[in-house]
Structure formats: C-alpha cells, structure tokens
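**Student:** One file is attached below, start.cif, containing mmCIF, C-alpha atoms; chains and numbers go by the auth columns.
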```
data_run
#
loop_
_atom_site.group_PDB
_atom_site.id
_atom_site.type_symbol
_atom_site.label_atom_id
_atom_site.label_comp_id
_atom_site.label_asym_id
_atom_site.label_seq_id
_atom_site.Cartn_x
_atom_site.Cartn_y
_atom_site.Cartn_z
_atom_site.B_iso_or_equiv
_atom_site.auth_seq_id
_atom_site.auth_asym_id
ATOM 1 C CA MET A 1 69.915 127.117 128.536 0.00 254 P
ATOM 2 C CA ASN A 2 67.914 125.660 131.418 0.00 255 P
ATOM 3 C CA LYS A 3 69.942 126.032 134.628 0.00 256 P
ATOM 4 C CA LYS A 4 69.567 122.402 135.660 0.00 257 P
ATOM 5 C CA ARG A 5 70.682 121.270 132.209 0.00 258 P
ATOM 6 C CA PHE A 6 73.635 123.686 132.331 0.00 259 P
ATOM 7 C CA TYR A 7 75.048 122.022 135.460 0.00 260 P
ATOM 8 C CA GLU A 8 74.224 118.502 134.257 0.00 261 P
ATOM 9 C CA GLU A 9 76.188 119.131 131.058 0.00 262 P
ATOM 10 C CA HIS A 10 79.079 120.985 132.741 0.00 263 P
ATOM 11 C CA LYS A 11 81.229 117.893 133.299 0.00 264 P
ATOM 12 C CA ASN A 12 83.619 119.621 135.664 0.00 265 P
ATOM 13 C CA PHE A 13 80.646 119.870 138.074 0.00 266 P
ATOM 14 C CA SER A 14 78.516 116.851 137.261 0.00 267 P
ATOM 15 C CA HIS A 15 81.351 114.277 137.027 0.00 268 P
ATOM 16 C CA ARG A 16 83.041 115.154 140.297 0.00 269 P
ATOM 17 C CA THR A 17 83.423 112.299 142.761 0.00 270 P
ATOM 18 C CA ILE A 18 84.567 111.819 146.349 0.00 271 P
ATOM 19 C CA ASN A 19 88.082 111.388 144.921 0.00 272 P
ATOM 20 C CA GLU A 20 88.175 115.114 144.106 0.00 273 P
ATOM 21 C CA TYR A 21 89.712 115.750 147.534 0.00 274 P
ATOM 22 C CA PHE A 22 92.689 113.633 146.439 0.00 275 P
ATOM 23 C CA LEU A 23 92.692 114.811 142.815 0.00 276 P
ATOM 24 C CA SER A 24 92.454 118.569 143.231 0.00 277 P
ATOM 25 C CA PRO A 25 94.896 120.717 145.255 0.00 278 P
ATOM 26 C CA GLY A 26 92.219 123.437 145.382 0.00 279 P
ATOM 27 C CA ILE A 27 89.536 121.176 146.854 0.00 280 P
ATOM 28 C CA ARG A 28 91.997 119.699 149.350 0.00 281 P
ATOM 29 C CA CYS A 29 93.154 123.187 150.376 0.00 282 P
ATOM 30 C CA LYS A 30 89.559 124.404 150.823 0.00 283 P
ATOM 31 C CA PHE A 31 88.319 121.396 152.791 0.00 284 P
ATOM 32 C CA ASP A 32 91.390 121.319 155.055 0.00 285 P
ATOM 33 C CA LEU A 33 91.112 125.024 155.870 0.00 286 P
ATOM 34 C CA LEU A 34 87.415 124.621 156.659 0.00 287 P
ATOM 35 C CA LYS A 35 88.105 121.711 159.013 0.00 288 P
ATOM 36 C CA GLU A 36 90.874 123.643 160.769 0.00 289 P
ATOM 37 C CA ASN A 37 88.725 126.719 161.297 0.00 290 P
ATOM 38 C CA LEU A 38 85.568 124.863 162.314 0.00 291 P
ATOM 39 C CA ASN A 39 87.375 122.791 164.944 0.00 292 P
ATOM 40 C CA LEU A 40 84.114 121.264 166.189 0.00 293 P
ATOM 41 C CA LYS A 41 84.536 118.798 169.050 0.00 294 P
ATOM 42 C CA ASN A 42 80.919 117.700 169.498 0.00 295 P
ATOM 43 C CA GLN A 43 79.072 115.341 167.168 0.00 296 P
ATOM 44 C CA LEU A 44 76.177 116.913 165.273 0.00 297 P
ATOM 45 C CA LYS A 45 72.997 114.976 164.563 0.00 298 P
ATOM 46 C CA ASN A 46 71.932 116.379 161.178 0.00 299 P
ATOM 47 C CA ALA A 47 74.161 117.959 158.522 0.00 300 P
ATOM 48 C CA ILE A 48 73.438 118.958 154.931 0.00 301 P
ATOM 49 C CA ASP A 49 75.631 120.018 152.025 0.00 302 P
ATOM 50 C CA ILE A 50 73.634 122.299 149.703 0.00 303 P
ATOM 51 C CA GLY A 51 74.982 122.375 146.153 0.00 304 P
ATOM 52 C CA CYS A 52 77.167 119.418 147.074 0.00 305 P
ATOM 53 C CA SER A 53 78.133 118.296 143.557 0.00 306 P
ATOM 54 C CA GLY A 54 79.901 114.937 143.747 0.00 307 P
ATOM 55 C CA ASN A 55 82.655 115.947 146.138 0.00 308 P
ATOM 56 C CA SER A 56 80.852 116.924 149.300 0.00 309 P
ATOM 57 C CA PHE A 57 82.673 118.441 152.255 0.00 310 P
ATOM 58 C CA LEU A 58 80.669 116.065 154.448 0.00 311 P
ATOM 59 C CA TYR A 59 82.861 113.203 153.206 0.00 312 P
ATOM 60 C CA VAL A 60 85.851 114.632 155.072 0.00 313 P
ATOM 61 C CA PHE A 61 83.827 116.246 157.879 0.00 314 P
ATOM 62 C CA ASN A 62 83.273 113.495 160.448 0.00 315 P
ATOM 63 C CA ASN A 63 81.264 115.449 163.021 0.00 316 P
ATOM 64 C CA SER A 64 77.781 114.407 161.940 0.00 317 P
ATOM 65 C CA PHE A 65 75.714 111.207 162.029 0.00 318 P
ATOM 66 C CA HIS A 66 72.954 111.955 159.521 0.00 319 P
ATOM 67 C CA LYS A 67 74.280 113.422 156.248 0.00 320 P
ATOM 68 C CA SER A 68 72.057 114.924 153.560 0.00 321 P
ATOM 69 C CA PHE A 69 73.176 115.987 150.094 0.00 322 P
ATOM 70 C CA PHE A 70 71.259 118.499 147.983 0.00 323 P
ATOM 71 C CA ASP A 71 71.955 119.561 144.415 0.00 324 P
ATOM 72 C CA LEU A 72 70.178 120.963 141.367 0.00 325 P
ATOM 73 C CA ALA A 73 71.773 118.318 139.124 0.00 326 P
ATOM 74 C CA ASN A 74 70.837 114.632 139.325 0.00 327 P
ATOM 75 C CA LEU A 75 74.054 113.055 138.078 0.00 328 P
ATOM 76 C CA PRO A 76 76.398 113.976 140.948 0.00 329 P
ATOM 77 C CA LEU A 77 73.870 112.689 143.501 0.00 330 P
ATOM 78 C CA LYS A 78 73.926 109.116 142.200 0.00 331 P
ATOM 79 C CA GLN A 79 77.073 108.171 144.130 0.00 332 P
ATOM 80 C CA TYR A 80 75.293 108.910 147.430 0.00 333 P
ATOM 81 C CA SER A 81 72.147 106.876 146.783 0.00 334 P
ATOM 82 C CA SER A 82 73.602 103.417 147.506 0.00 335 P
ATOM 83 C CA LYS A 83 75.223 104.253 150.844 0.00 336 P
ATOM 84 C CA ILE A 84 73.614 103.861 154.252 0.00 337 P
ATOM 85 C CA TYR A 85 73.020 107.042 156.284 0.00 338 P
ATOM 86 C CA LEU A 86 73.524 109.258 153.220 0.00 339 P
ATOM 87 C CA TYR A 87 70.429 111.043 151.950 0.00 340 P
ATOM 88 C CA PRO A 88 70.603 112.681 148.486 0.00 341 P
ATOM 89 C CA VAL A 89 67.835 114.969 147.221 0.00 342 P
ATOM 90 C CA CYS A 90 67.628 116.802 143.898 0.00 343 P
ATOM 91 C CA GLY A 91 65.957 120.212 143.936 0.00 344 P
ATOM 92 C CA ASP A 92 66.156 124.010 143.959 0.00 345 P
ATOM 93 C CA ILE A 93 67.810 125.949 146.794 0.00 346 P
ATOM 94 C CA LEU A 94 65.060 128.571 146.487 0.00 347 P
ATOM 95 C CA ARG A 95 62.515 125.941 147.614 0.00 348 P
ATOM 96 C CA LEU A 96 64.333 123.613 150.001 0.00 349 P
ATOM 97 C CA PRO A 97 62.125 120.552 150.722 0.00 350 P
ATOM 98 C CA TYR A 98 62.918 120.415 154.454 0.00 351 P
ATOM 99 C CA ARG A 99 61.071 121.458 157.597 0.00 352 P
ATOM 100 C CA SER A 100 62.169 124.596 159.421 0.00 353 P
ATOM 101 C CA GLY A 101 64.897 123.934 161.971 0.00 354 P
ATOM 102 C CA SER A 102 65.857 120.549 160.506 0.00 355 P
ATOM 103 C CA PHE A 103 69.659 120.813 160.593 0.00 356 P
ATOM 104 C CA ASP A 104 72.446 121.442 163.105 0.00 357 P
ATOM 105 C CA PHE A 105 74.998 122.099 160.361 0.00 358 P
ATOM 106 C CA ILE A 106 74.703 123.474 156.820 0.00 359 P
ATOM 107 C CA CYS A 107 77.400 124.061 154.266 0.00 360 P
ATOM 108 C CA ALA A 108 76.929 125.724 150.892 0.00 361 P
ATOM 109 C CA LEU A 109 80.344 125.935 149.279 0.00 362 P
ATOM 110 C CA ASP A 110 80.700 128.090 146.168 0.00 363 P
ATOM 111 C CA VAL A 111 76.937 128.081 145.657 0.00 364 P
ATOM 112 C CA LEU A 112 75.439 131.549 146.242 0.00 365 P
ATOM 113 C CA GLU A 113 77.267 133.128 143.304 0.00 366 P
ATOM 114 C CA HIS A 114 75.359 130.730 141.029 0.00 367 P
ATOM 115 C CA ILE A 115 71.959 131.907 142.354 0.00 368 P
ATOM 116 C CA LYS A 116 70.323 134.946 140.776 0.00 369 P
ATOM 117 C CA ASP A 117 68.174 135.705 143.842 0.00 370 P
ATOM 118 C CA ASP A 118 70.684 134.989 146.585 0.00 371 P
ATOM 119 C CA GLN A 119 68.500 136.615 149.259 0.00 372 P
ATOM 120 C CA ILE A 120 65.866 133.902 148.914 0.00 373 P
ATOM 121 C CA ALA A 121 68.633 131.274 149.042 0.00 374 P
ATOM 122 C CA VAL A 122 70.006 132.704 152.297 0.00 375 P
ATOM 123 C CA SER A 123 66.506 132.951 153.794 0.00 376 P
ATOM 124 C CA GLU A 124 65.978 129.248 153.013 0.00 377 P
ATOM 125 C CA ILE A 125 69.344 128.311 154.553 0.00 378 P
ATOM 126 C CA SER A 126 68.385 130.219 157.699 0.00 379 P
ATOM 127 C CA ARG A 127 64.901 128.663 157.780 0.00 380 P
ATOM 128 C CA ILE A 128 66.074 125.034 157.835 0.00 381 P
ATOM 129 C CA LEU A 129 68.926 125.692 160.307 0.00 382 P
ATOM 130 C CA LYS A 130 68.225 125.090 164.002 0.00 383 P
ATOM 131 C CA LYS A 131 68.787 127.812 166.576 0.00 384 P
ATOM 132 C CA ASN A 132 72.501 127.841 167.509 0.00 385 P
ATOM 133 C CA GLY A 133 73.182 125.753 164.394 0.00 386 P
ATOM 134 C CA ILE A 134 76.286 126.395 162.282 0.00 387 P
ATOM 135 C CA ALA A 135 76.336 127.442 158.630 0.00 388 P
ATOM 136 C CA VAL A 136 79.503 127.472 156.527 0.00 389 P
ATOM 137 C CA ILE A 137 79.571 129.394 153.263 0.00 390 P
ATOM 138 C CA THR A 138 82.301 129.950 150.692 0.00 391 P
ATOM 139 C CA VAL A 139 82.056 132.536 147.911 0.00 392 P
ATOM 140 C CA PRO A 140 84.355 134.113 145.305 0.00 393 P
ATOM 141 C CA HIS A 141 85.689 137.437 146.518 0.00 394 P
ATOM 142 C CA SER A 142 85.267 140.889 144.960 0.00 395 P
ATOM 143 C CA MET A 143 83.959 141.963 141.568 0.00 396 P
ATOM 144 C CA ARG A 144 87.474 143.349 140.956 0.00 397 P
ATOM 145 C CA PHE A 145 88.436 139.753 140.177 0.00 398 P
ATOM 146 C CA TYR A 146 85.423 138.952 137.966 0.00 399 P
ATOM 147 C CA THR A 147 86.582 137.424 134.657 0.00 400 P
ATOM 148 C CA ASN A 148 85.305 135.361 131.739 0.00 401 P
ATOM 149 C CA GLN A 149 86.012 132.305 133.896 0.00 402 P
ATOM 150 C CA ASP A 150 83.217 133.443 136.233 0.00 403 P
ATOM 151 C CA LYS A 151 80.832 133.722 133.290 0.00 404 P
ATOM 152 C CA LEU A 152 81.910 130.329 131.963 0.00 405 P
ATOM 153 C CA ILE A 153 80.964 128.501 135.165 0.00 406 P
ATOM 154 C CA GLY A 154 77.731 130.397 135.802 0.00 407 P
ATOM 155 C CA HIS A 155 78.656 133.069 138.362 0.00 408 P
ATOM 156 C CA TYR A 156 76.242 135.994 138.645 0.00 409 P
ATOM 157 C CA ARG A 157 78.613 137.892 140.935 0.00 410 P
ATOM 158 C CA ARG A 158 81.539 137.958 143.337 0.00 411 P
ATOM 159 C CA TYR A 159 81.082 139.187 146.907 0.00 412 P
ATOM 160 C CA GLU A 160 82.534 141.820 149.217 0.00 413 P
ATOM 161 C CA ILE A 161 83.039 140.871 152.876 0.00 414 P
ATOM 162 C CA ASN A 162 80.513 143.327 154.335 0.00 415 P
ATOM 163 C CA GLN A 163 78.020 142.386 151.621 0.00 416 P
ATOM 164 C CA VAL A 164 78.047 138.760 152.820 0.00 417 P
ATOM 165 C CA LYS A 165 77.904 139.686 156.511 0.00 418 P
ATOM 166 C CA GLY A 166 74.977 142.039 155.930 0.00 419 P
ATOM 167 C CA LEU A 167 73.047 139.532 153.837 0.00 420 P
ATOM 168 C CA PHE A 168 73.285 136.779 156.457 0.00 421 P
ATOM 169 C CA LYS A 169 72.672 139.123 159.397 0.00 422 P
ATOM 170 C CA LYS A 170 69.352 140.047 157.766 0.00 423 P
ATOM 171 C CA TYR A 171 68.278 136.420 158.230 0.00 424 P
ATOM 172 C CA LYS A 172 69.450 135.991 161.853 0.00 425 P
ATOM 173 C CA LEU A 173 72.846 134.480 161.036 0.00 426 P
ATOM 174 C CA LYS A 174 75.690 136.015 163.003 0.00 427 P
ATOM 175 C CA THR A 175 79.228 135.942 161.597 0.00 428 P
ATOM 176 C CA ILE A 176 81.597 134.238 164.011 0.00 429 P
ATOM 177 C CA LYS A 177 84.575 133.914 161.670 0.00 430 P
ATOM 178 C CA PHE A 178 85.693 134.631 158.112 0.00 431 P
ATOM 179 C CA PHE A 179 88.959 133.814 156.355 0.00 432 P
ATOM 180 C CA GLY A 180 90.594 133.318 152.993 0.00 433 P
ATOM 181 C CA ILE A 181 90.246 130.019 151.132 0.00 434 P
ATOM 182 C CA TYR A 182 92.176 130.803 147.945 0.00 435 P
ATOM 183 C CA GLY A 183 94.855 133.405 147.375 0.00 436 P
ATOM 184 C CA GLN A 184 96.327 134.590 144.095 0.00 437 P
ATOM 185 C CA LEU A 185 97.367 131.081 143.023 0.00 438 P
ATOM 186 C CA MET A 186 93.714 130.431 142.140 0.00 439 P
ATOM 187 C CA ARG A 187 94.073 132.785 139.166 0.00 440 P
ATOM 188 C CA ILE A 188 95.411 129.735 137.331 0.00 441 P
ATOM 189 C CA ALA A 189 91.760 128.646 136.946 0.00 442 P
ATOM 190 C CA ASP A 190 91.353 131.358 134.297 0.00 443 P
ATOM 191 C CA ILE A 191 93.277 129.121 131.894 0.00 444 P
ATOM 192 C CA GLN A 192 90.031 127.202 131.357 0.00 445 P
ATOM 193 C CA THR A 193 88.625 130.104 129.321 0.00 446 P
ATOM 194 C CA THR A 194 91.273 129.592 126.619 0.00 447 P
ATOM 195 C CA ASN A 195 89.734 126.266 125.560 0.00 448 P
ATOM 196 C CA PRO A 196 86.948 125.103 127.918 0.00 449 P
ATOM 197 C CA LYS A 197 86.124 121.817 126.156 0.00 450 P
ATOM 198 C CA LYS A 198 89.769 120.765 125.916 0.00 451 P
ATOM 199 C CA ILE A 199 90.416 121.544 129.585 0.00 452 P
ATOM 200 C CA GLU A 200 87.249 119.651 130.542 0.00 453 P
ATOM 201 C CA ARG A 201 88.410 116.588 128.594 0.00 454 P
ATOM 202 C CA LYS A 202 91.795 116.718 130.325 0.00 455 P
ATOM 203 C CA ILE A 203 90.131 116.867 133.739 0.00 456 P
ATOM 204 C CA LEU A 204 87.973 113.832 132.925 0.00 457 P
ATOM 205 C CA LYS A 205 91.045 111.979 131.667 0.00 458 P
ATOM 206 C CA LEU A 206 92.904 112.820 134.884 0.00 459 P
ATOM 207 C CA ARG A 207 90.014 111.480 136.993 0.00 460 P
ATOM 208 C CA TYR A 208 89.931 108.239 135.027 0.00 461 P
ATOM 209 C CA ARG A 209 93.712 107.774 135.224 0.00 462 P
ATOM 210 C CA TYR A 210 93.711 108.423 138.962 0.00 463 P
ATOM 211 C CA GLU A 211 91.001 105.830 139.561 0.00 464 P
ATOM 212 C CA SER A 212 92.496 103.168 137.268 0.00 465 P
ATOM 213 C CA ASN A 213 96.281 103.460 137.702 0.00 466 P
ATOM 214 C CA ILE A 214 97.695 102.687 141.176 0.00 467 P
ATOM 215 C CA ILE A 215 101.216 103.989 140.466 0.00 468 P
ATOM 216 C CA PHE A 216 99.910 107.246 139.003 0.00 469 P
ATOM 217 C CA ARG A 217 97.573 107.610 141.984 0.00 470 P
ATOM 218 C CA LYS A 218 100.461 107.387 144.470 0.00 471 P
ATOM 219 C CA ILE A 219 102.534 109.934 142.555 0.00 472 P
ATOM 220 C CA TRP A 220 99.574 112.274 142.102 0.00 473 P
ATOM 221 C CA ASN A 221 98.741 112.097 145.824 0.00 474 P
ATOM 222 C CA ILE A 222 102.199 113.462 146.649 0.00 475 P
ATOM 223 C CA ILE A 223 101.805 116.261 144.090 0.00 476 P
ATOM 224 C CA VAL A 224 98.361 117.243 145.394 0.00 477 P
ATOM 225 C CA ILE A 225 99.436 117.262 149.059 0.00 478 P
ATOM 226 C CA SER A 226 102.423 119.487 148.233 0.00 479 P
ATOM 227 C CA MET A 227 100.439 121.885 146.054 0.00 480 P
ATOM 228 C CA ALA A 228 97.631 122.110 148.599 0.00 481 P
ATOM 229 C CA LYS A 229 100.142 123.164 151.261 0.00 482 P
ATOM 230 C CA PHE A 230 101.346 126.013 149.033 0.00 483 P
ATOM 231 C CA MET A 231 97.752 127.063 148.376 0.00 484 P
ATOM 232 C CA LYS A 232 96.970 127.079 152.104 0.00 485 P
ATOM 233 C CA LEU A 233 99.962 129.328 152.752 0.00 486 P
ATOM 234 C CA ASP A 234 98.878 131.545 149.861 0.00 487 P
ATOM 235 C CA ALA A 235 95.412 131.875 151.425 0.00 488 P
ATOM 236 C CA LYS A 236 96.614 132.364 155.002 0.00 489 P
ATOM 237 C CA TYR A 237 99.257 135.007 154.411 0.00 490 P
ATOM 238 C CA HIS A 238 97.841 137.157 151.627 0.00 491 P
ATOM 239 C CA SER A 239 96.088 140.341 152.706 0.00 492 P
ATOM 240 C CA LEU A 240 92.305 140.045 152.476 0.00 493 P
ATOM 241 C CA ASN A 241 92.058 142.446 149.544 0.00 494 P
ATOM 242 C CA LYS A 242 94.053 139.925 147.452 0.00 495 P
ATOM 243 C CA ILE A 243 92.093 136.838 148.490 0.00 496 P
ATOM 244 C CA MET A 244 90.208 135.202 145.618 0.00 497 P
ATOM 245 C CA ASN A 245 87.737 133.123 147.660 0.00 498 P
ATOM 246 C CA LEU A 246 86.370 133.605 151.170 0.00 499 P
ATOM 247 C CA ALA A 247 84.827 131.363 153.808 0.00 500 P
ATOM 248 C CA PHE A 248 82.337 132.474 156.473 0.00 501 P
ATOM 249 C CA ILE A 249 81.143 130.623 159.565 0.00 502 P
ATOM 250 C CA PHE A 250 77.759 131.711 160.946 0.00 503 P
ATOM 251 C CA ILE A 251 75.639 130.806 163.947 0.00 504 P
ATOM 252 C CA LYS A 252 71.824 130.957 163.907 0.00 505 P
ATOM 253 C CA MET A 253 70.578 133.448 166.494 0.00 506 P
#
```
Starting from the file, give its structure as structure tokens.
**Tutor:**
Amino acid sequence: MNKKRFYEEHKNFSHRTINEYFLSPGIRCKFDLLKENLNLKNQLKNAIDIGCSGNSFLYVFNNSFHKSFFDLANLPLKQYSSKIYLYPVCGDILRLPYRSGSFDFICALDVLEHIKDDQIAVSEISRILKKNGIAVITVPHSMRFYTNQDKLIGHYRRYEINQVKGLFKKYKLKTIKFFGIYGQLMRIADIQTTNPKKIERKILKLRYRYESNIIFRKIWNIIVISMAKFMKLDAKYHSLNKIMNLAFIFIKM
C-alpha cells in the first residue's frame, strides 16, 4: 500500500485531534514530560512539528509565535488550516519544502521509526534548523521490544540510545539530554494486535463521546490525569533498559 494512503486510512493517526492530550494518558504523559525537560524560558520565533498528526505538541508548547505543522497525510492537517498563525503543509520528510535554517525549534515525535531512510530524514531536520536551534525527537526503544504492534502501525525499527546519538551527531546535532517517555505500562498498546479494527472503532467512539458528552468528559479528564501520573512515574523510575520510548533533545552546532 502507498505510504501516504496507509496513514490516511489508519484512523488512529488520521482522526487524532487537539483533544488527544485530554483523551489519551499516553499523549498527556509524553507532552508533559517533554515540557518539563525542555523548560524553555525564552520565546522562539519559528517552530515546526514534523509528522504532527492531529495532536501536535505545539498546541501545549507555548514558547513559539509562528507554528508550522507538517505531515504526510492530508486529513489531520485540516484542523490547522482555519486558524491564524498556524501553517499546515502536507509533504514528505525526505524533501522538506523549507529553506535551510528556517526554524528555531523542531519536534518530530514518534516519526523516524516510520521512515525507511532515516538518515535522509535527520539530514533534512538538521538542514532546516537554525544554528543553536533545538530539536526534540521521540522514538521507540530497542529492537528487544519489537512486536507485531510495531508492524501494525508501520514501524521499520526501534532504536538504541547510542544509535540515535550517533545518527544526529553525524548531522551536527549535539545531544543535550535524553530520558524515558514510556515505561513498561506502554506494553498495553500491544492489545491492539488482537483485533485492530475493533480497537480502532472503540477509539473513534471514545473520541466522539468525549467531544459530545460533558459529564463523560469531566469523568474522563480525571481518569486521564490520574493514569498519566502513573505513566510518568513509570517512565521516570524504570531503568533505561526497560524504557519503551525515549526522548532526545538536541542543539544544532
């Protein structure tokens, strides 16, 4: 199947919205840990989320004025097109349609594992990042954890820590910090392989119910906040060899 079509038809990707932060304990855990570890005090002029889907980190990251959103699929970008100061573009990470040194901040969260030639992707990320700009990357950790779930959602690989550091260093990106995003609790995601279509329908139903039912939304918010706290603890206090997903913060040299 064509890669663009694959992600358009994978509803768990293409139907995500900005509410995902409130709907998903995993997304909330990831975004909160990124904000805590970035701890940026200065406003950035230009930021871009590459592979943003419909639930971009830039929605909860308030340190930038000009926000760009880039994705291979068209559908998730539609929610950005009607808002002022949000700039969605559909395209391929291997041929980013931006001038060199365009951005102060780049995030590509859970993206590289979906790219067959990840070296070209990293070279493009480095090219459009300004000198002293910040790049934030998250990737699934270690081929020891590779399962049918990875295949189902289009992962070519999982990464080792030194593999990521070496790849980015090759393109003038220095690692300034890395940390766990998901611990062993994320293994629950493997349940999707038992019946992918059924699980997908349940996720869509949950999104609709959250958006349409005020009482359910209030109850679900409490559940998500509580579960996200457990996931953050799971990520913070597991040893690195048991971490399921990793985050890296780089600076362009």
**Student:** Name the residues that the PyMOL selection byres ((chain P and resi 402-406) around 10) pulls out of this structure, and write them as a list in words.
**Tutor:**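 Evaluating the PyMOL selection byres ((chain P and resi 402-406) around 10) on this file yields Phe259, Tyr260, His263, Asn265, Phe266, Glu366, His367, Pro393, Phe398, Tyr399, Thr400, Asn401, Gly407, His408, Tyr409, Arg410, Arg411, Arg440, Ala442, Asp443, Ile444, Gln445, Thr446, Thr447 and Pro449 of chain P.
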**Student:** Would you mind listing what lies within 6 Å of Gly354 (chain P) as a list in words, with all atoms listed in the file counted and same-chain residues fewer than 3 positions away left out?
**Tutor:**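 So, after excluding close chain neighbours, the residues are Ile381, Leu382 and Lys383 of chain P.
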**Student:** Name the residues that the PyMOL selection byres ((chain P and resi 474) around 12) pulls out of this structure, and write them as a list in words.
**Tutor:** Asn272, Glu273, Tyr274, Phe275, Leu276, Ser277, Pro278, Arg281, Tyr463, Glu464, Ile467, Ile468, Phe469, Arg470, Lys471, Ile472, Trp473, Ile475, Ile476, Val477, Ile478, Ser479, Met480 and Ala481 of chain P
**Student:** With only C-alpha atoms as the basis for distance, which of P:Asp345, P:Glu453, P:Asp371, P:Glu413 is at the shortest distance from Asn498 (chain P)?
**Tutor:**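 The closest residue to Asn498 (chain P) is P:Glu413.
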**Student:** From the list P:Pro341, P:Phe421, P:Tyr490, P:Phe314, which residue is nearest Leu365 (chain P) when using all atoms listed in the file?
**Tutor:** P:Phe421
**Student:** Under the rule that all atoms listed in the file are counted, which of P:Leu457, P:Ile434, P:Leu339, P:Ile504 is the nearest residue to Gly279 (chain P)?
**Tutor:**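 Among P:Leu457, P:Ile434, P:Leu339, P:Ile504, it is P:Ile434 that comes nearest to Gly279 (chain P).
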**Student:** So for region 309-317 of chain P, what box centre and size do we get, axis-aligned, 6 Å extra on each of the six sides, every listed atom, Å to one decimal, as lines of an AutoDock Vina configuration file?
**Tutor:**
```
center_x = 81.8
center_y = 115.8
center_z = 156.2
size_x = 20.1
size_y = 17.2
size_z = 25.7
```
**Student:** Can you list, as a PyMOL selection string, every protein, DNA or RNA residue that comes within 8 Å of Asn327 (chain P) when you count only C-alpha atoms, leaving out same-chain residues fewer than 4 positions away?
**Tutor:** chain P and resi 261+331+343
**Student:** Measuring atom to atom with all atoms listed in the file, identify which of P:Pro329, P:Ser353, P:Gly386, P:His268 is nearest to Lys298 (chain P).
**Tutor:**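 Ranked by minimum distance to Lys298 (chain P), first place goes to P:Gly386.
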**Student:** What does the PyMOL selection byres ((chain P and resi 428) around 12) select in this file, as a list of chain:residue names?
**Tutor:** P:Ile387, P:Ala388, P:Val389, P:Ile390, P:Ile414, P:Asn415, P:Gln416, P:Val417, P:Lys418, P:Gly419, P:Leu420, P:Phe421, P:Lys422, P:Lys423, P:Tyr424, P:Lys425, P:Leu426, P:Lys427, P:Ile429, P:Lys430, P:Phe431, P:Phe432, P:Ala500, P:Phe501, P:Ile502, P:Phe503, P:Ile504, P:Lys505, P:Met506
**Student:** Residues near Val342 (chain P), anyone? I mean within 9 Å using only C-alpha atoms, not counting same-chain ones fewer than 3 positions away, as number ranges by chain.
**Tutor:** P: 321-325, 327, 330, 350
**Student:** Just the number, please: distance in Å from CA of Tyr435 (chain P) to CA of Gly307 (chain P), one decimal.
**Tutor:**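 Rounded to one decimal, the two atoms are 20.5 Å apart.
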**Student:** Write out as number ranges by chain the residues lying within 10 Å of Leu286 (chain P), counting all atoms listed in the file and excluding same-chain residues fewer than 2 positions away.
**Tutor:** P: 280-284, 288-291, 432-435, 485, 488-489, 500
**Student:** At a cut-off of 6 Å, using all atoms listed in the file, what residues contact Gly436 (chain P)? Leave out same-chain residues fewer than 4 positions from it and give the result as a PyMOL selection string.
**Tutor:** chain P and resi 487-488+496-497
**Student:** In Å, how far is it from CA of Asn448 (chain P) to CA of Thr270 (chain P)?
**Tutor:**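 Going from CA of Asn448 (chain P) over to CA of Thr270 (chain P) covers 23.0 Å.
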**Student:** In Å, rounded to a single decimal, give me how far CA of Leu349 (chain P) is from CA of Glu377 (chain P).
**Tutor:** 6.6 Å
**Student:** Would you mind telling me which residue in P:Ile337, P:Leu459, P:Met396, P:Leu499 lies nearest to Leu362 (chain P) when using all atoms listed in the file?
**Tutor:**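 Among the listed residues, P:Leu499 lies closest to Leu362 (chain P).
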**Student:** Here is a test: counting only C-alpha atoms, which residue of P:Lys320, P:Lys336, P:Lys384, P:Arg397 is nearest to Cys360 (chain P)?
**Tutor:**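 Using only C-alpha atoms, the shortest distance to Cys360 (chain P) belongs to P:Lys320.
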